[in-house]
Protein chains: 2
Amino acid sequence: MKATQSLAKFFPILQWLPQYQKKTFAGDLSASLIVAVLLIPQSLAYALLAGLPPQAGIYASILPLVVYAFFASSMVQSVGPMAISAVMTASALAPLAVMGSAEYSALAASLALLSGLFLAALGLLRLGFITQLLSHPVINGFTSGAAILIIIGQTTPLLGAQDHTLLHVIIHQPHHLLFGLTCLALLWLLGQPLNTLLLNKKVPHAQLIAKLSPLFLILLITAAVHGLNIQTRLIGPFPGQLPAFAWPDLHPDQLARLWLPAITIGLAGFLQSITIAQSLALKARRNIDSNQELIGLGAANIAAAASGGFPVSGGFSRTAVNAASGAHTPLAGVMTAAWIALAAHWFSDYLALLPQALLAATIILVAIRLIDFDFLIRSWRYDWRDGAAFISTAIAVLLLGAMQGIVAGTGVSLILFLYRSSQPHIAVVGRIAGTEHFRNINRFTTQTCPAVVAIRIDESLYFGNSAKIQAELIQILAQAPAAKHLLLILSAVNSIDYSAMQAISLLQENLRVRQIKIHLAEVKGPVMDHLRRSEMLSTLDGEVFLSAHLAMQTLSGVSEDFSI
Amino acid sequence: MKATQSLAKFFPILQWLPQYQKKTFAGDLSASLIVAVLLIPQSLAYALLAGLPPQAGIYASILPLVVYAFFASSMVQSVGPMAISAVMTASALAPLAVMGSAEYSALAASLALLSGLFLAALGLLRLGFITQLLSHPVINGFTSGAAILIIIGQTTPLLGAQDHTLLHVIIHQPHHLLFGLTCLALLWLLGQPLNTLLLNKKVPHAQLIAKLSPLFLILLITAAVHGLNIQTRLIGPFPGQLPAFAWPDLHPDQLARLWLPAITIGLAGFLQSITIAQSLALKARRNIDSNQELIGLGAANIAAAASGGFPVSGGFSRTAVNAASGAHTPLAGVMTAAWIALAAHWFSDYLALLPQALLAATIILVAIRLIDFDFLIRSWRYDWRDGAAFISTAIAVLLLGAMQGIVAGTGVSLILFLYRSSQPHIAVVGRIAGTEHFRNINRFTTQTCPAVVAIRIDESLYFGNSAKIQAELIQILAQAPAAKHLLLILSAVNSIDYSAMQAISLLQENLRVRQIKIHLAEVKGPVMDHLRRSEMLSTLDGEVFLSAHLAMQTLSGVSEDFSI
């Protein structure tokens, strides 16, 4: 029984497939068709973006989807080639081999293998939590920066400037420029504007029409190119057979050069996948096991490696389309894979006729939607530190590259977090008359006693802020000549490390000559457990009180002996 | 007036010299003599430890002390060559030049110059606070590790094994071994044991005798070596003239190789200096300006560079002797420098006769006192994380070297701090009957209401812990089927970053289908300021209450509508 349960945990398909109902099949089928139609041109475009022959995109869209279905924790995730993974693959492999060569393809498969093994290992070791170290501003800054990189990179195929400079194209081949911009404009019009129009006019099947219209446009433009004999660069012929299964040869020297890109590509892909999966699961009142999702994505990448593909991940827009088109189980993904395999087999001669500029326009429109300028504004307004993490990640991605950018962004957010905790908020507090509440004397009208300086420290005490806190306490006491008691209210102190504990002992030693006693109040249980194990409590001249109120009652009574 | 004040702030000598009183002169004079007597053999030994000719130690003990006196914020700091700076200098320069060569000496001076410029720049830019990033366990672990490195390094000169292996010395030259161990034993006996004995017997001038006795022993052993013609290696002749002033030539390629060691040596020296200076200043009821101290130590290092020396810093034991011997102002340091200059000039022929094994024994005894095993035990008992930071720093110093060790140790303590904050303490709380206090239901007998789950989160919310907190909240709610209100008590939450704010909004979205409302209570002023600038408050279905008590009164009233 236990073994069956843990097997079902490892293969969620054992849970959902036996309970599969006929009524969900219609949804899965329609979603699989729509996603296949969306995925075929995208997969060709992303393969070119990654520096690979077009069929690599097809290969990455078949076996990975089938394998993912066995392990998936998310019911609606649509796995496959993605823009950001593709551009990261290109930047990792460009220094190592000639784009389009067989060696380059083999390296791409090795990258997918390493990436998959890394993700699966993280999941099996239940280490999914380490992805928490990436904050939302860093993830969004990374995505926005990578999207800008993609757009910049796609202007060359969009404007047909592969063999010439952009200036040469503008002056001597304006028809390339015109064609590229026309594709972009038409595809854009068929996106949001058409969707809005159809919905406003309450046209029947508005959603379906909006979803399929880009496909019609692609067919239309391709037909026009060939009918009107428009000069533009085509994808060109590629083999239509199904992928051959082959394990990539992994030499030790390749491993040394590929492990770091493999990790960053894997993590970036996983973050995209888990973000959309969790958001959709919340809406569907389901739970996502992030470790299981790591295993699923790892298995999909290993499958991509074994079938001549390149790193895959889940994607925001495609997954959203999948869910909105009625997908209820990963069976939709399996059917998508089947449609793609059939299409590649039957229609590869027609797919070869697609203009590259048209695919570039598709990618650019996807990338534009990834730039989240609105997030930047909202996060900056909330706290400049969050905005700064976004901006510095995006700039680092643009200037240094995608992998360096995500590392730099993580570093910046950790430094900002440490900086924030090293600048604690300290308030001198007094009693609100007639209550047991103590509040900041600068914000409220309070009762105080000249012999007792009561201070609330709003941060855990550790080496990073203990010197700063000590300096502030000394400054506050300098303005309280009658002070005989320093009461530290620790209600917001969640931990005190050894350095900070020693700093308080040293402060008491310093204050002893001024006959000031340090008292503590509202010490939390876990903090007190640590303090009891140290010499600190014996070095304090004062007492430990349960509450600030109790402390003030006792100390202001005692203080009357002093205030003659 | 303002200009004079800021000039006096920059040159503290303008404050203490005009107020200089005759009665402090006696103390300064006696301290200067005792420290000079201590410093002369130490400075020769540290120069050899740094791989430099003996006179470099003398040079580093003259001008730096004079220059430091002008800028010093500490009144009793004794600056000069130090064991840890010396061993770091040797490990930085060994790969770059032959020890003892003129090129090596020039590099040592360049290192002091860069180190001095770095410290002075930190001080001038008021960046002294960044030294807070080193916790006490890291500093003590570093010192202990470096001390062990020094002891290991000094066994060779102690046992006279410079030209042979240790085994060869033991078998064929046992007299070297015997002489070294005798020096060590006698010097040790004249340290703590003699001091304790004299104090117990209440011998008059016990302290003075204890302080000067090592000098007598050094004279005695040196006389014995030469009188009895004991075979041992001597320091050897060195020029007795005063240092020539020369600015080190700094080539760009040297800069590239020296900047990192210069920074670490400077910081390590500063940390030693500031630790002892602050502790003594606290006892003397004075304040230390750490930025001014950076400027002073920077100027001293620049002076060391200009006069043929090597990196200098303040030292624990020497500064303690200086203060205990009556020093009241930096004038004591100036007089120490004068005595050393005179001694080097007059007695250099005699200093050349000092046995190297004797100096090695001196260094070893200083280094042994730096190993703080007791600190390790106390910090480990307090919190294993603090002990782990100590051990990992010490081990990294021993295995990787001093500079790598301090970097690794800092990294470890930051990671442990982040780890601690990513594992927040969450308590389900209830009201203590008859009070307005809410406490952990597992630790206290409390009153609760099934419709309201009240939770206190004992950590600031940020990207590093928001997923973990969300998971715990969902788990707690899963065990509370009647829950209609989730009350988050934020009395210990000092900040909420953008990622965490979004996580709470998302949680509310998720809980809406279960008709659970999220409420907040005891939100701090600064946290509320941020939340008001975001969309979060409008996405919450619940309210924000001033206190947990108020929230419970309101919500448990409302809840009666639900509990039919």
# chains A, B, ... in the order shown; residues from 1 in each chain; ligands from 1
>>> select_by_dssp(residues="stretch 82-290 of chain B", states="alpha helix (DSSP H)", output="JSON, numbers by chain")
{"B": [83, 84, 85, 86, 87, 88, 89, 90, 91, 92, 93, 102, 103, 104, 105, 106, 107, 108, 109, 110, 111, 112, 113, 114, 115, 116, 117, 118, 119, 120, 121, 122, 123, 124, 136, 137, 138, 139, 140, 141, 142, 143, 144, 145, 146, 147, 148, 149, 150, 151, 152, 153, 154, 155, 156, 157, 158, 166, 167, 168, 169, 170, 171, 172, 174, 175, 176, 177, 178, 179, 180, 181, 182, 183, 184, 185, 186, 187, 188, 189, 192, 193, 194, 195, 196, 197, 198, 199, 200, 201, 206, 207, 208, 209, 210, 211, 212, 213, 214, 215, 216, 217, 218, 219, 220, 221, 222, 223, 224, 225, 226, 227, 252, 253, 254, 255, 256, 257, 258, 259, 260, 261, 262, 263, 264, 265, 266, 267, 268, 269, 270, 271, 272, 273, 274, 275, 276, 277, 278, 279, 280, 281, 282, 283, 290]}
>>> interface_residues(of="chain B", to="chain A", cutoff="6 Å", atoms="only C-alpha atoms", output="list in words")
Gln132, Leu133, Ser135, His136, Leu282, Tyr382, Asp458, Phe463, Gly464, Ala492, Asn494, Ser499, Asn510, His530, Arg533 and Ser534 of chain B
>>> write_last_selection(atoms="N, CA and C atoms", output="compact mmCIF listing (two decimals), in the first residue's frame")
# COMPACT_ATOMS: atom_id res chain seq x y z
N GLN B 132 31.28 45.95 9.76
CA GLN B 132 30.28 45.23 10.56
C GLN B 132 29.92 43.88 9.96
N LEU B 133 30.20 43.71 8.66
CA LEU B 133 29.80 42.46 8.02
C LEU B 133 30.61 41.28 8.53
N SER B 135 31.35 39.00 11.58
CA SER B 135 30.81 38.69 12.91
C SER B 135 31.94 38.32 13.85
N HIS B 136 31.66 38.36 15.15
CA HIS B 136 32.66 37.96 16.14
C HIS B 136 33.18 36.55 15.90
N LEU B 282 35.80 51.88 25.91
CA LEU B 282 34.60 51.71 26.73
C LEU B 282 34.97 51.78 28.20
N TYR B 382 26.05 28.54 22.67
CA TYR B 382 25.02 29.56 22.50
C TYR B 382 24.14 29.23 21.29
N ASP B 458 7.08 35.21 13.34
CA ASP B 458 8.21 35.82 14.05
C ASP B 458 9.38 36.09 13.14
N PHE B 463 11.36 37.53 0.12
CA PHE B 463 11.30 36.47 -0.88
C PHE B 463 11.88 35.15 -0.38
N GLY B 464 12.86 35.25 0.54
CA GLY B 464 13.53 34.04 1.01
C GLY B 464 12.65 33.17 1.90
N ALA B 492 5.93 41.11 15.04
CA ALA B 492 7.36 40.83 14.92
C ALA B 492 7.83 40.94 13.48
N ASN B 494 9.09 43.18 10.72
CA ASN B 494 9.68 44.51 10.61
C ASN B 494 9.72 45.04 9.19
N SER B 499 7.89 40.70 -3.01
CA SER B 499 7.58 39.29 -3.27
C SER B 499 6.64 38.74 -2.21
N ASN B 510 -6.41 32.40 -3.27
CA ASN B 510 -6.55 30.96 -3.11
C ASN B 510 -7.59 30.63 -2.04
N HIS B 530 4.49 51.02 3.53
CA HIS B 530 4.74 50.32 2.25
C HIS B 530 3.47 49.69 1.71
N ARG B 533 1.11 51.78 -0.21
CA ARG B 533 1.52 52.17 -1.55
C ARG B 533 1.32 51.03 -2.56
N SER B 534 0.74 49.92 -2.14
CA SER B 534 0.60 48.77 -3.04
C SER B 534 -0.87 48.45 -3.23
>>> atom_distance(atom1="atom CA of B:Phe310", atom2="atom CA of B:Ser43")
10.8 Å
>>> residues_around(residues="A:Ala408", least_positions_apart="4", cutoff="12 Å", atoms="only C-alpha atoms", output="VMD selection string")
chain A and resid 134 138 to 139 141 to 142 389 to 404 412 to 415
>>> residues_around(residues="stretch 172-183 of chain A", least_positions_apart="5", cutoff="12 Å", atoms="only C-alpha atoms", output="PDB file with C-alpha atoms, in the first residue's frame")
ATOM      1  CA  GLN A 154      15.386  39.112 -33.897  1.00  0.00           C
ATOM      2  CA  THR A 155      15.590  42.433 -35.734  1.00  0.00           C
ATOM      3  CA  THR A 156      18.202  40.885 -38.050  1.00  0.00           C
ATOM      4  CA  PRO A 157      15.970  38.028 -39.352  1.00  0.00           C
ATOM      5  CA  LEU A 158      12.885  40.287 -39.232  1.00  0.00           C
ATOM      6  CA  LEU A 159      14.515  42.809 -41.564  1.00  0.00           C
ATOM      7  CA  GLY A 160      16.346  40.181 -43.646  1.00  0.00           C
ATOM      8  CA  ALA A 161      19.743  41.603 -42.714  1.00  0.00           C
ATOM      9  CA  GLN A 162      21.548  38.300 -42.187  1.00  0.00           C
ATOM     10  CA  ASP A 163      24.093  38.948 -44.946  1.00  0.00           C
ATOM     11  CA  HIS A 164      24.286  42.723 -44.783  1.00  0.00           C
ATOM     12  CA  THR A 165      24.290  45.578 -42.294  1.00  0.00           C
ATOM     13  CA  LEU A 166      20.973  47.068 -41.275  1.00  0.00           C
ATOM     14  CA  LEU A 167      21.934  50.292 -43.065  1.00  0.00           C
ATOM     15  CA  TRP A 188       0.154  42.431 -33.764  1.00  0.00           C
ATOM     16  CA  LEU A 189      -3.247  43.517 -35.081  1.00  0.00           C
ATOM     17  CA  LEU A 190      -4.450  39.901 -34.920  1.00  0.00           C
ATOM     18  CA  PRO A 214      -2.453  34.074 -36.330  1.00  0.00           C
ATOM     19  CA  LEU A 217      -2.366  34.940 -41.190  1.00  0.00           C
ATOM     20  CA  ILE A 218       0.812  32.829 -41.320  1.00  0.00           C
ATOM     21  CA  LEU A 219      -0.731  30.653 -44.034  1.00  0.00           C
ATOM     22  CA  LEU A 220      -1.929  33.728 -45.894  1.00  0.00           C
ATOM     23  CA  ILE A 221       1.406  35.523 -45.817  1.00  0.00           C
ATOM     24  CA  THR A 222       3.298  32.362 -46.799  1.00  0.00           C
ATOM     25  CA  ALA A 224       1.323  35.492 -50.736  1.00  0.00           C
ATOM     26  CA  VAL A 225       5.124  35.229 -50.613  1.00  0.00           C
ATOM     27  CA  ILE A 230       8.147  38.141 -52.836  1.00  0.00           C
ATOM     28  CA  GLN A 231      11.920  37.980 -52.237  1.00  0.00           C
ATOM     29  CA  THR A 232      12.561  36.890 -48.663  1.00  0.00           C
ATOM     30  CA  ARG A 233      14.550  34.246 -46.818  1.00  0.00           C
ATOM     31  CA  PRO A 355       9.462  33.019 -44.306  1.00  0.00           C
ATOM     32  CA  GLN A 356      12.030  33.592 -41.529  1.00  0.00           C
ATOM     33  CA  ALA A 357      10.903  37.189 -41.130  1.00  0.00           C
ATOM     34  CA  LEU A 358       7.419  35.972 -40.258  1.00  0.00           C
ATOM     35  CA  LEU A 359       8.768  33.693 -37.525  1.00  0.00           C
ATOM     36  CA  ALA A 360      10.939  36.545 -36.224  1.00  0.00           C
ATOM     37  CA  ALA A 361       7.816  38.688 -35.978  1.00  0.00           C
ATOM     38  CA  THR A 362       6.104  35.892 -33.976  1.00  0.00           C
ATOM     39  CA  ILE A 363       8.998  35.732 -31.537  1.00  0.00           C
ATOM     40  CA  ILE A 364       9.198  39.513 -31.145  1.00  0.00           C
ATOM     41  CA  LEU A 365       5.491  39.718 -30.267  1.00  0.00           C
TER      42      LEU A 365
END
>>> residues_around(residues="A:Thr24", least_positions_apart="2", cutoff="9 Å", atoms="only C-alpha atoms", output="mmCIF file with C-alpha atoms, in the first residue's frame")
data_model
loop_
_atom_site.group_PDB
_atom_site.id
_atom_site.type_symbol
_atom_site.label_atom_id
_atom_site.label_comp_id
_atom_site.auth_asym_id
_atom_site.auth_seq_id
_atom_site.Cartn_x
_atom_site.Cartn_y
_atom_site.Cartn_z
ATOM 1 C CA TYR A 20 -10.001 9.874 -16.425
ATOM 2 C CA GLN A 21 -13.519 10.825 -17.506
ATOM 3 C CA LYS A 22 -14.922 11.038 -20.994
ATOM 4 C CA ALA A 26 -13.208 16.946 -25.430
ATOM 5 C CA GLY A 27 -11.398 19.742 -23.578
ATOM 6 C CA ASP A 28 -8.056 17.975 -23.759
ATOM 7 C CA LEU A 29 -8.527 17.317 -27.487
ATOM 8 C CA GLY A 326 -10.004 23.388 -22.061
ATOM 9 C CA ALA A 327 -7.017 21.210 -21.103
ATOM 10 C CA HIS A 328 -7.710 19.295 -17.902
ATOM 11 C CA THR A 329 -4.906 16.708 -17.798
#
>>> residues_around(residues="stretch 6-18 of chain B", least_positions_apart="2", cutoff="10 Å", atoms="only C-alpha atoms", output="list in words")
Met1, Lys2, Ala3, Thr4, Tyr20, Gln21, Tyr68, Ala69, Phe70, Phe71, Ala72, Ser73, Ser74, Met75, Leu124, Asp289, Asn291, Gln292, Ile295, Gly296, Thr329, Pro330 and Leu331 of chain B
>>> write_last_selection(atoms="N, CA, C and O atoms", output="mmCIF file, in the first residue's frame")
data_model
loop_
_atom_site.group_PDB
_atom_site.id
_atom_site.type_symbol
_atom_site.label_atom_id
_atom_site.label_comp_id
_atom_site.auth_asym_id
_atom_site.auth_seq_id
_atom_site.Cartn_x
_atom_site.Cartn_y
_atom_site.Cartn_z
ATOM 1 N N MET B 1 35.228 79.045 12.691
ATOM 2 C CA MET B 1 34.889 78.185 13.841
ATOM 3 C C MET B 1 34.556 76.781 13.378
ATOM 4 O O MET B 1 35.119 75.795 13.838
ATOM 5 N N LYS B 2 33.664 76.698 12.364
ATOM 6 C CA LYS B 2 33.283 75.405 11.818
ATOM 7 C C LYS B 2 34.507 74.703 11.232
ATOM 8 O O LYS B 2 34.708 73.505 11.427
ATOM 9 N N ALA B 3 35.341 75.467 10.510
ATOM 10 C CA ALA B 3 36.532 74.894 9.876
ATOM 11 C C ALA B 3 37.480 74.342 10.941
ATOM 12 O O ALA B 3 38.033 73.255 10.789
ATOM 13 N N THR B 4 37.646 75.096 12.040
ATOM 14 C CA THR B 4 38.536 74.646 13.110
ATOM 15 C C THR B 4 38.006 73.334 13.701
ATOM 16 O O THR B 4 38.778 72.408 13.955
ATOM 17 N N TYR B 20 47.112 69.009 27.076
ATOM 18 C CA TYR B 20 48.023 68.029 27.667
ATOM 19 C C TYR B 20 48.458 68.477 29.061
ATOM 20 O O TYR B 20 48.831 69.630 29.276
ATOM 21 N N GLN B 21 48.395 67.545 30.030
ATOM 22 C CA GLN B 21 48.742 67.907 31.397
ATOM 23 C C GLN B 21 50.015 67.184 31.819
ATOM 24 O O GLN B 21 50.277 66.064 31.391
ATOM 25 N N TYR B 68 50.613 58.098 13.096
ATOM 26 C CA TYR B 68 49.347 57.660 13.691
ATOM 27 C C TYR B 68 48.900 58.608 14.796
ATOM 28 O O TYR B 68 47.701 58.885 14.941
ATOM 29 N N ALA B 69 49.884 59.128 15.568
ATOM 30 C CA ALA B 69 49.551 60.010 16.694
ATOM 31 C C ALA B 69 48.741 61.231 16.258
ATOM 32 O O ALA B 69 47.925 61.747 17.014
ATOM 33 N N PHE B 70 48.937 61.687 15.007
ATOM 34 C CA PHE B 70 48.221 62.884 14.549
ATOM 35 C C PHE B 70 46.747 62.582 14.263
ATOM 36 O O PHE B 70 45.893 63.432 14.410
ATOM 37 N N PHE B 71 46.475 61.356 13.817
ATOM 38 C CA PHE B 71 45.121 61.041 13.345
ATOM 39 C C PHE B 71 44.335 60.171 14.319
ATOM 40 O O PHE B 71 43.143 59.984 14.148
ATOM 41 N N ALA B 72 45.024 59.621 15.338
ATOM 42 C CA ALA B 72 44.405 58.587 16.161
ATOM 43 C C ALA B 72 43.140 59.058 16.861
ATOM 44 O O ALA B 72 43.101 60.144 17.428
ATOM 45 N N SER B 73 42.102 58.200 16.811
ATOM 46 C CA SER B 73 40.912 58.453 17.617
ATOM 47 C C SER B 73 41.068 57.740 18.957
ATOM 48 O O SER B 73 40.596 58.207 19.984
ATOM 49 N N SER B 74 41.739 56.587 18.943
ATOM 50 C CA SER B 74 42.037 55.878 20.193
ATOM 51 C C SER B 74 43.223 56.545 20.880
ATOM 52 O O SER B 74 44.174 56.965 20.234
ATOM 53 N N MET B 75 43.141 56.643 22.202
ATOM 54 C CA MET B 75 44.224 57.289 22.945
ATOM 55 C C MET B 75 45.334 56.309 23.302
ATOM 56 O O MET B 75 46.442 56.723 23.652
ATOM 57 N N LEU B 124 37.628 58.161 4.954
ATOM 58 C CA LEU B 124 37.220 59.463 4.416
ATOM 59 C C LEU B 124 35.816 59.391 3.831
ATOM 60 O O LEU B 124 35.058 60.349 3.890
ATOM 61 N N ASP B 289 35.782 56.797 17.150
ATOM 62 C CA ASP B 289 35.184 57.038 15.837
ATOM 63 C C ASP B 289 35.853 56.074 14.865
ATOM 64 O O ASP B 289 37.020 56.247 14.516
ATOM 65 N N ASN B 291 35.567 55.563 11.742
ATOM 66 C CA ASN B 291 36.047 56.136 10.486
ATOM 67 C C ASN B 291 37.373 56.868 10.687
ATOM 68 O O ASN B 291 38.273 56.791 9.860
ATOM 69 N N GLN B 292 37.478 57.600 11.817
ATOM 70 C CA GLN B 292 38.729 58.303 12.112
ATOM 71 C C GLN B 292 39.848 57.294 12.350
ATOM 72 O O GLN B 292 40.995 57.509 11.949
ATOM 73 N N ILE B 295 41.197 56.201 9.153
ATOM 74 C CA ILE B 295 42.104 57.208 8.583
ATOM 75 C C ILE B 295 43.468 57.113 9.262
ATOM 76 O O ILE B 295 44.510 57.131 8.601
ATOM 77 N N GLY B 296 43.460 56.979 10.611
ATOM 78 C CA GLY B 296 44.712 56.902 11.348
ATOM 79 C C GLY B 296 45.546 55.687 10.940
ATOM 80 O O GLY B 296 46.752 55.796 10.693
ATOM 81 N N THR B 329 47.841 59.177 26.182
ATOM 82 C CA THR B 329 47.680 59.855 24.896
ATOM 83 C C THR B 329 48.595 59.193 23.869
ATOM 84 O O THR B 329 49.511 58.442 24.217
ATOM 85 N N PRO B 330 48.367 59.493 22.590
ATOM 86 C CA PRO B 330 49.252 58.960 21.553
ATOM 87 C C PRO B 330 50.684 59.465 21.667
ATOM 88 O O PRO B 330 51.555 58.992 20.930
ATOM 89 N N LEU B 331 50.939 60.427 22.576
ATOM 90 C CA LEU B 331 52.318 60.874 22.767
ATOM 91 C C LEU B 331 53.191 59.693 23.191
ATOM 92 O O LEU B 331 54.382 59.629 22.852
#
>>> residues_around(residues="A:Ile84", least_positions_apart="5", cutoff="10 Å", atoms="only C-alpha atoms", output="VMD selection string")
chain A and resid 46 49 to 50 89 to 90 142 to 143 146 to 147 149 to 150 265 268 to 269 272 312 to 313 315 367 370 402
>>> atom_distance(atom1="atom CA of B:Gln77", atom2="atom CA of B:Leu271")
12.7 Å
>>> closest_residue(among="B:Gln508, B:Ser61, B:Asn229, B:Ser307", to="B:Met536", atoms="only C-alpha atoms")
B:Gln508
